[in-house]
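Student: File upload-v4.cif below, mmCIF, C-alpha atoms and all ligand atoms:
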```
data_my_file
#
loop_
_atom_site.label_atom_id
_atom_site.label_comp_id
_atom_site.auth_asym_id
_atom_site.auth_seq_id
_atom_site.Cartn_x
_atom_site.Cartn_y
_atom_site.Cartn_z
CA MET N 1 86.19 161.42 41.04
CA VAL N 2 83.29 161.38 43.46
CA GLY N 3 80.74 158.79 42.46
CA VAL N 4 77.46 157.50 43.77
CA MET N 5 77.63 155.06 46.63
CA GLY N 6 75.95 151.78 45.66
CA MET N 7 74.07 150.02 48.46
CA ALA N 8 75.70 146.73 47.47
CA ASP N 9 79.09 148.19 48.35
CA VAL N 10 78.07 149.10 51.89
CA ILE N 11 78.99 146.69 54.63
CA LEU N 12 76.78 147.58 57.53
CA PRO N 13 77.43 147.33 61.28
CA GLY N 14 76.88 143.76 62.42
CA SER N 15 78.89 142.46 59.45
CA THR N 16 82.27 140.77 59.70
CA ILE N 17 85.60 142.32 58.71
CA GLY N 18 88.39 139.94 57.70
CA VAL N 19 91.89 141.15 58.51
CA LEU N 20 95.06 139.67 57.01
CA GLY N 21 97.89 140.12 59.49
CA SER N 22 97.59 140.11 63.25
CA GLY N 23 99.85 142.79 64.71
CA GLN N 24 99.09 146.04 66.51
CA LEU N 25 97.56 147.70 63.45
CA GLY N 26 94.94 144.96 63.20
CA ARG N 27 94.42 145.17 66.95
CA MET N 28 93.68 148.90 66.82
CA LEU N 29 91.38 148.37 63.82
CA ALA N 30 89.52 145.69 65.80
CA LEU N 31 89.27 148.04 68.79
CA ALA N 32 87.81 150.74 66.51
CA ALA N 33 85.36 148.25 64.95
CA ARG N 34 83.89 147.16 68.29
CA PRO N 35 81.94 150.33 69.16
CA LEU N 36 80.26 150.18 65.75
CA GLY N 37 79.17 146.59 66.31
CA TYR N 38 81.34 144.87 63.68
CA HIS N 39 82.85 141.43 64.08
CA ILE N 40 86.50 140.75 63.34
CA HIS N 41 88.11 137.61 61.92
CA VAL N 42 91.88 137.66 61.68
CA PHE N 43 94.18 135.48 59.58
CA SER N 44 97.91 135.02 60.22
CA PRO N 45 100.43 132.24 60.80
CA GLU N 46 100.49 132.96 64.54
CA GLN N 47 98.25 132.41 67.52
CA GLY N 48 97.45 134.55 70.56
CA THR N 49 98.36 137.62 68.52
CA PRO N 50 97.73 141.31 69.27
CA THR N 51 94.76 141.27 66.84
CA GLY N 52 93.65 137.75 67.77
CA GLN N 53 93.22 138.83 71.40
CA ILE N 54 90.55 141.32 70.28
CA ALA N 55 89.02 139.37 67.36
CA ASP N 56 85.99 137.06 67.37
CA VAL N 57 87.88 134.46 65.38
CA GLU N 58 91.62 133.98 65.00
CA VAL N 59 92.61 131.77 62.07
CA CYS N 60 96.13 130.42 62.30
CA ALA N 61 97.50 129.25 58.93
CA ALA N 62 100.18 130.12 56.41
CA TYR N 63 99.34 132.85 53.88
CA GLU N 64 100.25 130.33 51.18
CA ASP N 65 97.60 127.88 52.44
CA LEU N 66 95.00 128.98 49.90
CA ASP N 67 92.35 126.53 51.12
CA ALA N 68 92.58 128.07 54.57
CA VAL N 69 92.52 131.56 53.01
CA ARG N 70 89.35 130.69 51.03
CA ALA N 71 87.66 129.23 54.12
CA PHE N 72 88.49 132.45 55.99
CA ALA N 73 87.25 134.72 53.19
CA ARG N 74 83.97 132.77 52.90
CA GLU N 75 83.09 133.77 56.47
CA VAL N 76 83.64 137.51 56.14
CA ASP N 77 81.95 140.41 54.32
CA VAL N 78 85.08 142.35 53.36
CA VAL N 79 88.81 141.65 53.59
CA THR N 80 91.43 144.23 54.48
CA TYR N 81 95.02 143.93 55.66
CA GLU N 82 97.34 145.48 58.17
CA PHE N 83 100.62 144.83 56.33
CA GLU N 84 101.48 145.21 52.66
CA ASN N 85 103.39 141.98 52.11
CA VAL N 86 100.25 139.94 51.52
CA PRO N 87 101.13 137.50 48.69
CA ALA N 88 99.26 138.20 45.45
CA LEU N 89 97.76 134.67 45.38
CA THR N 90 96.44 135.13 48.93
CA ALA N 91 94.80 138.40 47.93
CA ALA N 92 93.29 136.79 44.82
CA ALA N 93 91.93 133.84 46.84
CA CYS N 94 90.21 136.29 49.22
CA GLN N 95 88.67 138.15 46.28
CA GLU N 96 86.87 135.00 45.14
CA PHE N 97 84.57 135.42 48.15
CA ALA N 98 84.74 138.99 49.42
CA PRO N 99 85.83 142.44 48.28
CA LEU N 100 89.48 143.18 49.06
CA ARG N 101 89.96 146.79 50.15
CA PRO N 102 92.30 148.45 49.32
CA GLY N 103 92.49 146.41 46.10
CA PRO N 104 95.41 144.34 44.78
CA GLN N 105 96.93 147.27 42.86
CA ALA N 106 97.87 149.04 46.11
CA LEU N 107 99.52 145.84 47.37
CA HIS N 108 101.33 145.20 44.10
CA ILE N 109 102.94 148.64 44.07
CA SER N 110 103.69 149.09 47.77
CA GLN N 111 105.26 145.70 48.38
CA ASN N 112 108.12 146.29 45.97
CA ARG N 113 110.36 149.35 46.16
CA LEU N 114 111.24 149.14 42.44
CA ARG N 115 107.57 149.20 41.44
CA GLU N 116 106.96 151.98 43.96
CA LYS N 117 109.68 154.13 42.37
CA ALA N 118 108.30 153.42 38.87
CA PHE N 119 104.83 154.39 40.13
CA PHE N 120 106.17 157.68 41.52
CA ALA N 121 107.88 158.43 38.20
CA ALA N 122 104.78 157.54 36.17
CA ASN N 123 102.71 159.92 38.29
CA SER N 124 105.29 162.74 38.27
CA LEU N 125 105.74 162.44 42.04
CA PRO N 126 109.19 163.62 43.21
CA THR N 127 111.37 161.04 44.94
CA THR N 128 115.00 160.50 45.91
CA PRO N 129 117.49 159.95 43.04
CA PHE N 130 117.54 156.20 42.47
CA ALA N 131 118.75 153.33 40.30
CA ALA N 132 117.41 149.81 39.90
CA VAL N 133 119.98 147.20 40.93
CA HIS N 134 119.89 143.61 39.63
CA SER N 135 123.64 142.97 39.56
CA LEU N 136 126.95 144.20 40.96
CA ALA N 137 127.51 146.03 37.66
CA ASP N 138 124.16 147.84 38.12
CA LEU N 139 125.21 148.80 41.64
CA GLN N 140 128.56 150.14 40.49
CA ALA N 141 126.94 152.08 37.65
CA GLY N 142 124.30 153.40 40.06
CA LEU N 143 126.93 154.60 42.50
CA ALA N 144 128.84 156.32 39.70
CA GLN N 145 125.65 158.08 38.66
CA ILE N 146 124.17 158.92 42.08
CA GLY N 147 127.32 159.32 44.16
CA CYS N 148 127.95 158.58 47.83
CA PRO N 149 126.60 158.39 50.43
CA ALA N 150 123.87 156.19 49.07
CA VAL N 151 121.60 153.54 50.53
CA LEU N 152 120.95 150.12 49.02
CA LYS N 153 117.48 148.78 49.88
CA THR N 154 116.15 145.34 49.01
CA ALA N 155 113.15 145.70 46.68
CA VAL N 156 110.96 143.41 48.79
CA SER N 157 110.26 142.64 52.44
CA GLY N 158 112.29 145.46 53.98
CA TYR N 159 110.78 147.57 56.77
CA ASP N 160 112.04 149.63 59.70
CA GLY N 161 115.48 149.80 58.10
CA LYS N 162 115.77 146.03 57.59
CA GLY N 163 117.43 145.10 54.31
CA GLN N 164 119.15 148.51 54.05
CA ILE N 165 122.84 149.22 53.72
CA LYS N 166 124.39 152.66 53.65
CA LEU N 167 127.38 153.02 51.33
CA MET N 168 129.91 155.72 52.08
CA HIS N 169 132.32 154.84 49.27
CA PRO N 170 132.04 153.10 45.86
CA HIS N 171 134.57 150.43 46.94
CA GLU N 172 131.94 149.08 49.37
CA ALA N 173 129.77 147.95 46.44
CA ALA N 174 130.86 144.31 46.31
CA ALA N 175 130.46 143.80 50.07
CA ALA N 176 127.04 145.46 50.06
CA TRP N 177 125.89 143.34 47.13
CA GLN N 178 126.93 140.22 49.06
CA ALA N 179 125.26 141.49 52.23
CA VAL N 180 121.87 141.84 50.50
CA ASP N 181 122.24 138.27 49.12
CA GLN N 182 122.30 139.61 45.55
CA VAL N 183 118.54 140.15 45.46
CA PRO N 184 116.91 142.94 43.39
CA CYS N 185 117.40 146.30 45.08
CA VAL N 186 116.91 150.02 44.78
CA LEU N 187 119.93 152.26 45.21
CA GLU N 188 118.95 155.66 46.59
CA GLY N 189 120.95 158.81 46.98
CA TRP N 190 121.33 159.75 50.65
CA VAL N 191 119.10 162.73 51.34
CA THR N 192 120.21 165.25 53.93
CA PHE N 193 116.66 166.01 54.92
CA GLU N 194 115.59 168.71 57.31
CA ARG N 195 112.52 166.81 58.43
CA GLU N 196 110.62 163.60 57.84
CA LEU N 197 106.91 164.02 57.29
CA SER N 198 103.94 161.81 56.60
CA VAL N 199 100.38 162.22 55.41
CA VAL N 200 97.80 159.63 56.39
CA GLY N 201 94.89 159.75 53.99
CA ALA N 202 91.64 157.87 53.60
CA ARG N 203 89.60 157.40 50.46
CA GLY N 204 86.01 156.26 50.47
CA ILE N 205 84.32 153.97 47.99
CA ASP N 206 82.79 157.10 46.43
CA GLY N 207 86.24 158.66 45.92
CA ARG N 208 85.94 161.12 48.78
CA PHE N 209 89.22 161.94 50.48
CA ALA N 210 90.01 162.78 54.10
CA HIS N 211 93.43 163.38 55.64
CA TYR N 212 95.13 164.21 58.92
CA GLY N 213 97.31 166.99 57.59
CA VAL N 214 101.06 166.73 57.91
CA ILE N 215 102.63 164.68 60.69
CA GLU N 216 106.29 165.20 61.61
CA ASN N 217 108.34 162.12 62.40
CA SER N 218 111.71 161.36 63.92
CA HIS N 219 113.40 157.99 63.61
CA HIS N 220 115.94 156.22 65.78
CA HIS N 221 117.98 153.40 64.26
CA HIS N 222 115.61 153.50 61.24
CA ILE N 223 112.56 152.85 63.43
CA LEU N 224 109.92 155.51 64.00
CA ASP N 225 110.51 157.04 67.41
CA VAL N 226 108.36 160.15 67.86
CA SER N 227 105.56 161.68 65.75
CA LYS N 228 103.81 164.99 66.28
CA ALA N 229 100.94 166.76 64.59
CA PRO N 230 99.79 169.02 63.15
CA ALA N 231 103.35 169.64 61.96
CA GLY N 232 104.57 173.22 61.86
CA VAL N 233 105.48 173.38 58.17
CA PRO N 234 104.85 176.29 55.78
CA PRO N 235 101.25 176.15 54.45
CA GLY N 236 102.50 175.64 50.89
CA VAL N 237 104.50 172.58 51.91
CA ALA N 238 101.53 171.13 53.79
CA GLN N 239 99.27 171.74 50.81
CA ASP N 240 101.71 170.07 48.41
CA ALA N 241 102.18 167.04 50.69
CA ILE N 242 98.43 166.59 51.04
CA GLU N 243 97.88 166.94 47.30
CA MET N 244 100.59 164.37 46.56
CA ALA N 245 99.07 161.96 49.07
CA HIS N 246 95.67 162.47 47.46
CA ALA N 247 97.21 161.79 44.05
CA VAL N 248 98.67 158.50 45.32
CA LEU N 249 95.36 157.30 46.79
CA ALA N 250 93.49 158.27 43.64
CA ALA N 251 96.04 156.74 41.24
CA LEU N 252 95.93 153.45 43.15
CA ASP N 253 92.14 153.67 43.47
CA VAL N 254 92.55 153.05 47.21
CA VAL N 255 89.45 152.28 49.21
CA GLY N 256 90.86 152.46 52.71
CA VAL N 257 93.73 154.23 54.42
CA LEU N 258 97.18 154.88 52.98
CA CYS N 259 100.20 156.68 54.38
CA VAL N 260 102.79 158.54 52.33
CA GLU N 261 106.17 159.24 53.93
CA PHE N 262 108.21 162.22 52.75
CA PHE N 263 111.59 163.80 53.22
CA LEU N 264 111.60 167.60 53.34
CA THR N 265 114.97 168.87 52.13
CA ALA N 266 116.73 171.99 53.39
CA GLU N 267 115.68 173.67 50.11
CA GLY N 268 112.04 173.03 50.99
CA GLN N 269 111.55 170.25 48.45
CA LEU N 270 109.26 167.33 49.26
CA LEU N 271 110.48 163.88 48.17
CA LEU N 272 108.29 160.80 48.49
CA ASN N 273 110.07 158.05 50.39
CA GLU N 274 107.55 155.25 50.60
CA ILE N 275 103.87 154.40 50.80
CA ALA N 276 101.92 151.97 52.95
CA PRO N 277 98.31 151.06 52.03
CA ARG N 278 97.12 150.83 55.64
CA PRO N 279 97.10 152.84 58.86
CA HIS N 280 100.58 153.90 59.88
CA ASN N 281 102.57 154.17 63.08
CA SER N 282 102.79 157.94 62.58
CA GLY N 283 98.97 158.10 62.64
CA HIS N 284 98.54 156.45 66.05
CA LEU N 285 98.18 159.87 67.63
CA THR N 286 94.89 160.31 65.75
CA ILE N 287 93.28 157.91 68.25
CA GLU N 288 93.23 160.60 70.94
CA ALA N 289 93.88 163.72 68.90
CA CYS N 290 91.21 163.49 66.21
CA VAL N 291 87.45 163.18 66.04
CA THR N 292 87.86 160.02 63.92
CA SER N 293 91.01 157.91 64.30
CA GLN N 294 92.91 156.45 61.34
CA PHE N 295 91.58 153.02 62.38
CA GLU N 296 87.92 154.05 62.47
CA GLN N 297 88.58 155.76 59.14
CA GLN N 298 89.98 152.50 57.72
CA LEU N 299 86.90 150.67 58.98
CA ARG N 300 84.54 153.26 57.49
CA ALA N 301 86.36 153.29 54.14
CA VAL N 302 86.57 149.52 53.67
CA CYS N 303 82.93 149.17 54.72
CA GLY N 304 81.79 151.79 52.21
CA LEU N 305 80.52 154.08 54.97
CA PRO N 306 80.91 157.87 54.91
CA LEU N 307 84.35 158.90 56.21
CA GLY N 308 84.44 160.54 59.62
CA SER N 309 85.81 163.96 60.49
CA PRO N 310 89.60 163.86 60.74
CA MET N 311 89.62 167.17 62.65
CA TYR N 312 92.19 167.58 65.44
CA ARG N 313 90.75 168.24 68.85
CA GLN N 314 94.23 169.12 70.13
CA PRO N 315 97.88 168.99 69.04
CA ALA N 316 99.49 165.68 69.92
CA ALA N 317 102.76 163.78 70.11
CA MET N 318 103.35 160.03 70.14
CA ALA N 319 106.37 158.06 71.30
CA ASN N 320 106.88 154.39 70.51
CA LEU N 321 107.60 151.89 73.27
CA LEU N 322 110.09 149.34 71.96
CA GLY N 323 111.08 146.07 73.55
CA ASP N 324 114.38 147.68 74.53
CA LEU N 325 112.54 149.19 77.50
CA TRP N 326 112.29 145.71 79.00
CA PHE N 327 116.08 145.48 79.22
CA SER N 328 117.22 148.04 81.73
CA THR N 329 120.58 149.76 81.23
CA HIS N 330 121.05 149.74 85.00
CA GLN N 331 121.07 145.94 84.92
CA ALA N 332 123.45 145.95 81.98
CA ALA N 333 125.82 148.23 83.90
CA GLU N 334 125.89 145.71 86.72
CA GLY N 335 127.10 143.17 84.23
CA LEU N 336 124.01 141.00 84.55
CA HIS N 337 122.84 139.09 81.56
CA ALA N 338 120.15 141.35 80.07
CA GLU N 339 118.05 138.43 78.82
CA ALA N 340 117.95 136.90 82.28
CA ARG N 341 116.86 140.16 83.92
CA LYS N 342 114.18 141.11 81.43
CA GLN N 343 111.22 142.80 83.07
CA ALA N 344 108.30 145.02 82.12
CA PRO N 345 108.67 148.75 82.70
CA GLU N 346 106.83 150.29 85.64
CA TRP N 347 103.68 151.44 83.89
CA THR N 348 102.23 152.87 87.09
CA ALA N 349 104.97 155.51 87.01
CA VAL N 350 103.44 157.12 83.90
CA LEU N 351 99.76 156.26 84.18
CA GLY N 352 99.18 159.22 86.52
CA ILE N 353 100.45 161.80 84.01
CA PRO N 354 97.57 164.02 82.86
CA ASN N 355 96.80 164.11 79.12
CA LEU N 356 98.95 161.05 78.45
CA LYS N 357 97.59 157.77 77.13
CA VAL N 358 99.42 154.47 77.19
CA HIS N 359 98.77 151.74 74.60
CA LEU N 360 100.20 148.24 74.94
CA TYR N 361 99.81 145.68 72.20
CA GLY N 362 99.61 142.51 74.28
CA LYS N 363 102.75 140.98 72.74
CA ARG N 364 103.92 138.06 74.83
CA GLU N 365 107.62 138.59 74.31
CA ALA N 366 109.67 141.77 74.38
CA ARG N 367 112.65 141.92 72.02
CA PRO N 368 114.94 144.86 71.28
CA GLY N 369 113.52 146.85 68.36
CA ARG N 370 110.07 145.22 68.64
CA LYS N 371 107.14 147.62 68.81
CA MET N 372 105.41 146.78 72.11
CA GLY N 373 103.23 149.85 72.55
CA HIS N 374 103.12 153.62 72.31
CA MET N 375 102.13 156.68 74.32
CA THR N 376 100.31 159.78 73.12
CA ALA N 377 100.25 163.16 74.85
CA LEU N 378 97.81 165.97 74.07
CA ALA N 379 98.62 169.61 74.80
CA ASP N 380 97.98 173.14 73.55
CA THR N 381 101.07 172.99 71.31
CA ILE N 382 102.99 170.15 69.63
CA GLU N 383 106.12 171.27 71.48
CA GLU N 384 104.43 170.83 74.83
CA ALA N 385 102.91 167.49 73.78
CA GLU N 386 106.32 166.26 72.65
CA LYS N 387 107.88 167.34 75.94
CA ILE N 388 105.28 165.43 77.95
CA VAL N 389 105.57 162.23 75.94
CA ARG N 390 109.39 162.26 75.91
CA GLN N 391 109.54 162.93 79.65
CA ALA N 392 107.09 160.10 80.27
CA ARG N 393 109.24 157.71 78.28
CA ARG N 394 112.32 158.79 80.18
CA VAL N 395 110.51 157.88 83.40
CA LEU N 396 110.13 154.35 82.02
CA THR N 397 113.83 154.03 81.15
CA ASP N 398 115.16 155.31 84.49
P1 LIG J 401 112.56 153.38 54.88
O1 LIG J 401 112.42 151.96 55.34
O2 LIG J 401 112.87 153.50 53.44
O3 LIG J 401 111.41 154.24 55.30
O4 LIG J 401 113.82 153.96 55.67
C1 LIG J 401 113.80 154.09 57.08
C2 LIG J 401 114.48 155.38 57.51
O5 LIG J 401 115.84 155.40 57.04
C3 LIG J 401 113.86 156.63 56.92
O6 LIG J 401 112.74 157.04 57.64
C4 LIG J 401 115.03 157.61 57.01
O7 LIG J 401 115.17 158.08 58.32
C5 LIG J 401 116.21 156.72 56.64
N1 LIG J 401 116.40 156.77 55.17
C6 LIG J 401 115.93 155.89 54.28
N2 LIG J 401 116.26 156.23 53.02
C7 LIG J 401 117.00 157.35 53.11
C8 LIG J 401 117.65 158.20 52.14
N3 LIG J 401 117.63 157.95 50.83
N4 LIG J 401 118.31 159.28 52.62
C9 LIG J 401 118.37 159.55 53.95
N5 LIG J 401 117.77 158.79 54.89
C10 LIG J 401 117.11 157.70 54.50
#
```
Would you kindly transcribe this structure into structure tokens?
Tutor:
Amino acid sequence: MVGVMGMADVILPGSTIGVLGSGQLGRMLALAARPLGYHIHVFSPEQGTPTGQIADVEVCAAYEDLDAVRAFAREVDVVTYEFENVPALTAAACQEFAPLRPGPQALHISQNRLREKAFFAANSLPTTPFAAVHSLADLQAGLAQIGCPAVLKTAVSGYDGKGQIKLMHPHEAAAAWQAVDQVPCVLEGWVTFERELSVVGARGIDGRFAHYGVIENSHHHHILDVSKAPAGVPPGVAQDAIEMAHAVLAALDVVGVLCVEFFLTAEGQLLLNEIAPRPHNSGHLTIEACVTSQFEQQLRAVCGLPLGSPMYRQPAAMANLLGDLWFSTHQAAEGLHAEARKQAPEWTAVLGIPNLKVHLYGKREARPGRKMGHMTALADTIEEAEKIVRQARRVLTD
């Protein structure tokens, strides 16, 4: 529903945005907020963080320290977040002093895979076959019902493939149940997908919706590796994916940005995998490719401003830069201790490539699997953009 924008809801330039979480997503939000004259306060348990380096104020305290949370919220005009595992009490403490956008409902659903699946079912959104698992008996029954291969995912605090175990045979049930520490889980049927897709959407305070079309993603070791957009999928598939994303944002009454990840099966069926009520790694390419980036869109939405145009200026492809790049294979081949020979890649080798942009998140320490930065290439086609960005990354690994 599109409603009337109340002046009281609008948080004008010059105001202060509070951000819970201090990683690269908060950093890129802060960078998008600067040109519009907003101030940024960030709250997280760490110091010298990717967001803190760009913020006006970096508050370092535990999320459970509700006095610190209240003191933080008192100083800001709106609170948003860059990760979905914000504890409910932290969110509620913020709301005593400032609007929380997106609201607690989006957090409640997206931070628990069991609730997420129930939400999909309640809204008739197609997802992978699944079973709730609270015991070994549940797991065994789930495997009998769903079959193998299947994947067991912890209901909370799993991301980038953490807390996930693939089961190839029912006799692996007991070991898998031990491996997840017997915490509540979702068992999913293994989908032989043809592609992985995502839709990043934004919803304004007036209910207006904007989206970046369909983005195509490839993962490596469960971590996003390369994204490209606009994805070359049949128009009907794109339309369905966008409509489902819109339905999710509307059902959760999201004021902000939310990403929906999908599997596209060989039969052309879209299955929702998961949702994240914030900008998403697959949307980083919107920084260069679109008139309004996903981060400026988040800012506009949470501030009650009109959404910007999400139009693509050019097709684009993005490749993540993981900490692995700091540990050269050449050194490993020489038998040297990788940790001892850790060094930053030679950025100058790629900075001369036309139509390529390099983003580094200012993280002090590189670790394998840690997202340290990304690169985006623009070209006339997504194929060409992907070629440029993959070649550039190969230059960094050589
Ligand atoms: P997730 O954390 O649920 O997004 O999972 C990370 C990645 O693991 C996904 O992007 C897929 O590449 C893979 N994956 C997760 N669940 C499944 C599934 N049910 N079937 C096939 N691949 C999966």
Student: I'd like the interatomic distance between atom CA of Lys228 of chain N and atom CA of Lys387 of chain N, to a tenth of an Å.
Tutor: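 Result for atom CA of Lys228 of chain N versus atom CA of Lys387 of chain N: 10.7 Å, one decimal.
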Student: Rank nothing, just name the residue among N:Arg393, N:Val42, N:Glu383, N:Pro87 nearest to Tyr63 of chain N, using only C-alpha atoms.
Tutor: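 With only C-alpha atoms as the atom set, the closest residue is N:Pro87.
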Student: Using all atoms listed in the file for the distances, tell me which of N:Leu187, N:Ala266, N:Val233, N:Ala202 is nearest to ligand LIG 401 (chain J).
Tutor: N:Leu187
Student: Using all atoms listed in the file, which of the listed residues (N:Leu152, N:Leu378, N:Val183, N:Val191) sits closest to ligand LIG 401 (chain J)?
Tutor: N:Val191
Student: With 8 Å as the cut-off and all atoms listed in the file counted, what is the closest atom pair between each nearby residue of chain N and ligand LIG 401 (chain J)? Distances in Å to one decimal, ordered by chain and number, as JSON lines.
Tutor:
```
{"residue": "N:Thr128", "atom": "CA", "partner": "J:LIG401", "partner_atom": "N3", "distance": 6.1}
{"residue": "N:Ala150", "atom": "CA", "partner": "J:LIG401", "partner_atom": "N3", "distance": 6.7}
{"residue": "N:Val151", "atom": "CA", "partner": "J:LIG401", "partner_atom": "N3", "distance": 5.9}
{"residue": "N:Lys153", "atom": "CA", "partner": "J:LIG401", "partner_atom": "O2", "distance": 7.5}
{"residue": "N:Gly158", "atom": "CA", "partner": "J:LIG401", "partner_atom": "O1", "distance": 6.6}
{"residue": "N:Tyr159", "atom": "CA", "partner": "J:LIG401", "partner_atom": "O1", "distance": 4.9}
{"residue": "N:Asp160", "atom": "CA", "partner": "J:LIG401", "partner_atom": "O1", "distance": 5.0}
{"residue": "N:Gly161", "atom": "CA", "partner": "J:LIG401", "partner_atom": "O1", "distance": 4.7}
{"residue": "N:Lys162", "atom": "CA", "partner": "J:LIG401", "partner_atom": "O1", "distance": 7.2}
{"residue": "N:Gln164", "atom": "CA", "partner": "J:LIG401", "partner_atom": "O1", "distance": 7.7}
{"residue": "N:Glu188", "atom": "CA", "partner": "J:LIG401", "partner_atom": "N3", "distance": 5.0}
{"residue": "N:Gly189", "atom": "CA", "partner": "J:LIG401", "partner_atom": "N3", "distance": 5.2}
{"residue": "N:Trp190", "atom": "CA", "partner": "J:LIG401", "partner_atom": "N4", "distance": 3.6}
{"residue": "N:Val191", "atom": "CA", "partner": "J:LIG401", "partner_atom": "N4", "distance": 3.8}
{"residue": "N:Thr192", "atom": "CA", "partner": "J:LIG401", "partner_atom": "C9", "distance": 6.0}
{"residue": "N:Phe193", "atom": "CA", "partner": "J:LIG401", "partner_atom": "C9", "distance": 6.8}
{"residue": "N:Glu196", "atom": "CA", "partner": "J:LIG401", "partner_atom": "O6", "distance": 6.9}
{"residue": "N:Ser218", "atom": "CA", "partner": "J:LIG401", "partner_atom": "O7", "distance": 7.4}
{"residue": "N:His219", "atom": "CA", "partner": "J:LIG401", "partner_atom": "O7", "distance": 5.6}
{"residue": "N:His220", "atom": "CA", "partner": "J:LIG401", "partner_atom": "O7", "distance": 7.7}
{"residue": "N:His221", "atom": "CA", "partner": "J:LIG401", "partner_atom": "O5", "distance": 7.8}
{"residue": "N:His222", "atom": "CA", "partner": "J:LIG401", "partner_atom": "C2", "distance": 4.3}
{"residue": "N:Ile223", "atom": "CA", "partner": "J:LIG401", "partner_atom": "C1", "distance": 6.6}
{"residue": "N:Leu224", "atom": "CA", "partner": "J:LIG401", "partner_atom": "O6", "distance": 7.1}
{"residue": "N:Glu261", "atom": "CA", "partner": "J:LIG401", "partner_atom": "O3", "distance": 7.4}
{"residue": "N:Asn273", "atom": "CA", "partner": "J:LIG401", "partner_atom": "O2", "distance": 6.2}
{"residue": "N:Glu274", "atom": "CA", "partner": "J:LIG401", "partner_atom": "O3", "distance": 6.2}
```
Student: Would you mind exporting the chosen residues as a tab-separated table (two decimals), in the frame of the given file, restricted to C-alpha atoms?
Tutor:
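Done, and the output landed in result07.tsv:
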```tsv
chain	number	residue	atom	x	y	z
N	128	THR	CA	115.00	160.50	45.91
N	150	ALA	CA	123.87	156.19	49.07
N	151	VAL	CA	121.60	153.54	50.53
N	153	LYS	CA	117.48	148.78	49.88
N	158	GLY	CA	112.29	145.46	53.98
N	159	TYR	CA	110.78	147.57	56.77
N	160	ASP	CA	112.04	149.63	59.70
N	161	GLY	CA	115.48	149.80	58.10
N	162	LYS	CA	115.77	146.03	57.59
N	164	GLN	CA	119.15	148.51	54.05
N	188	GLU	CA	118.95	155.66	46.59
N	189	GLY	CA	120.95	158.81	46.98
N	190	TRP	CA	121.33	159.75	50.65
N	191	VAL	CA	119.10	162.73	51.34
N	192	THR	CA	120.21	165.25	53.93
N	193	PHE	CA	116.66	166.01	54.92
N	196	GLU	CA	110.62	163.60	57.84
N	218	SER	CA	111.71	161.36	63.92
N	219	HIS	CA	113.40	157.99	63.61
N	220	HIS	CA	115.94	156.22	65.78
N	221	HIS	CA	117.98	153.40	64.26
N	222	HIS	CA	115.61	153.50	61.24
N	223	ILE	CA	112.56	152.85	63.43
N	224	LEU	CA	109.92	155.51	64.00
N	261	GLU	CA	106.17	159.24	53.93
N	273	ASN	CA	110.07	158.05	50.39
N	274	GLU	CA	107.55	155.25	50.60
```
Student: Pick from N:Arg313, N:His374, N:His171, N:His108: nearest to Ile275 of chain N, with all atoms listed in the file counted?
Tutor: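 Looking at the shortest contact to Ile275 of chain N, the residue is N:His108.
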Student: With distances taken over only C-alpha atoms, which of N:Gln105, N:Gln140, N:Ser15, N:Thr348 is nearest to His169 of chain N?
Tutor: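 That would be N:Gln140, the residue with the smallest distance to His169 of chain N.
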Student: Which of these residues is nearest to Ala231 of chain N, using all atoms listed in the file: N:Arg27, N:Arg195, N:Arg203, N:Arg208?
Tutor: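 Checking each of N:Arg27, N:Arg195, N:Arg203, N:Arg208 against Ala231 of chain N, counting all atoms listed in the file, the winner is N:Arg195.
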Student: Please list as a list in words every residue within 12 Å of Ala344 of chain N, counting all atoms listed in the file and excluding residues in the same chain fewer than 3 positions away.
Tutor: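 The neighbour list is Leu321, Leu322, Gly323, Asp324, Leu325, Trp326, Phe327, Ser328, Arg341, Trp347, Thr348, Leu360, Gly362, Lys363, Arg364, Glu365, Ala366, Arg367, Met372, Gly373, Leu396 and Thr397 of chain N.
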Student: Produce a table with one row for each residue of segment 26-104 of chain N that has an atom at most 10 Å from any atom of segment 237-253 of chain N, each row naming the nearest atom pair and its distance in Å at one decimal; use only C-alpha atoms; arrange rows by chain and rising residue number; format as a tab-separated table.
Tutor:
```
residue	atom	partner	partner_atom	distance
N:Arg101	CA	N:Asp253	CA	9.8
N:Pro102	CA	N:Asp253	CA	7.8
N:Gly103	CA	N:Asp253	CA	7.7
N:Pro104	CA	N:Leu252	CA	9.3
```
Student: Atom CA of Phe72 of chain N and atom CA of Glu84 of chain N, how far apart in Å?
Tutor: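 About the pair atom CA of Glu84 of chain N and atom CA of Phe72 of chain N: they are 18.5 Å apart.
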Student: How many Å separate atom CA of Ala276 of chain N from atom CA of Ser44 of chain N?
Tutor: 18.9 Å
Student: Taking all atoms of segment 145-158 of chain N that the file lists and extending 3 Å past them on each side, where is the centre of the axis-aligned box and how long are its edges? Answer in Å to one decimal, as AutoDock Vina command-line options.
Tutor:
```
--center_x 119.1 --center_y 151.0 --center_z 46.3 --size_x 23.7 --size_y 22.7 --size_z 21.3
```
Student: Could you name the residues that touch Asp56 of chain N at 9 Å or less, counting all atoms listed in the file, but leaving out those on the same chain fewer than 5 positions away, as number ranges by chain?
Tutor: N: 39-42
Student: Please return, as a PyMOL selection string, all polymer residues that have at least one atom within 12 Å of the point (104.7, 165.9, 66.2); use only C-alpha atoms and the file's own coordinate frame.
Tutor: chain N and resi 195-198+213-218+224-233+282-286+289+314-319+376-379+381-390
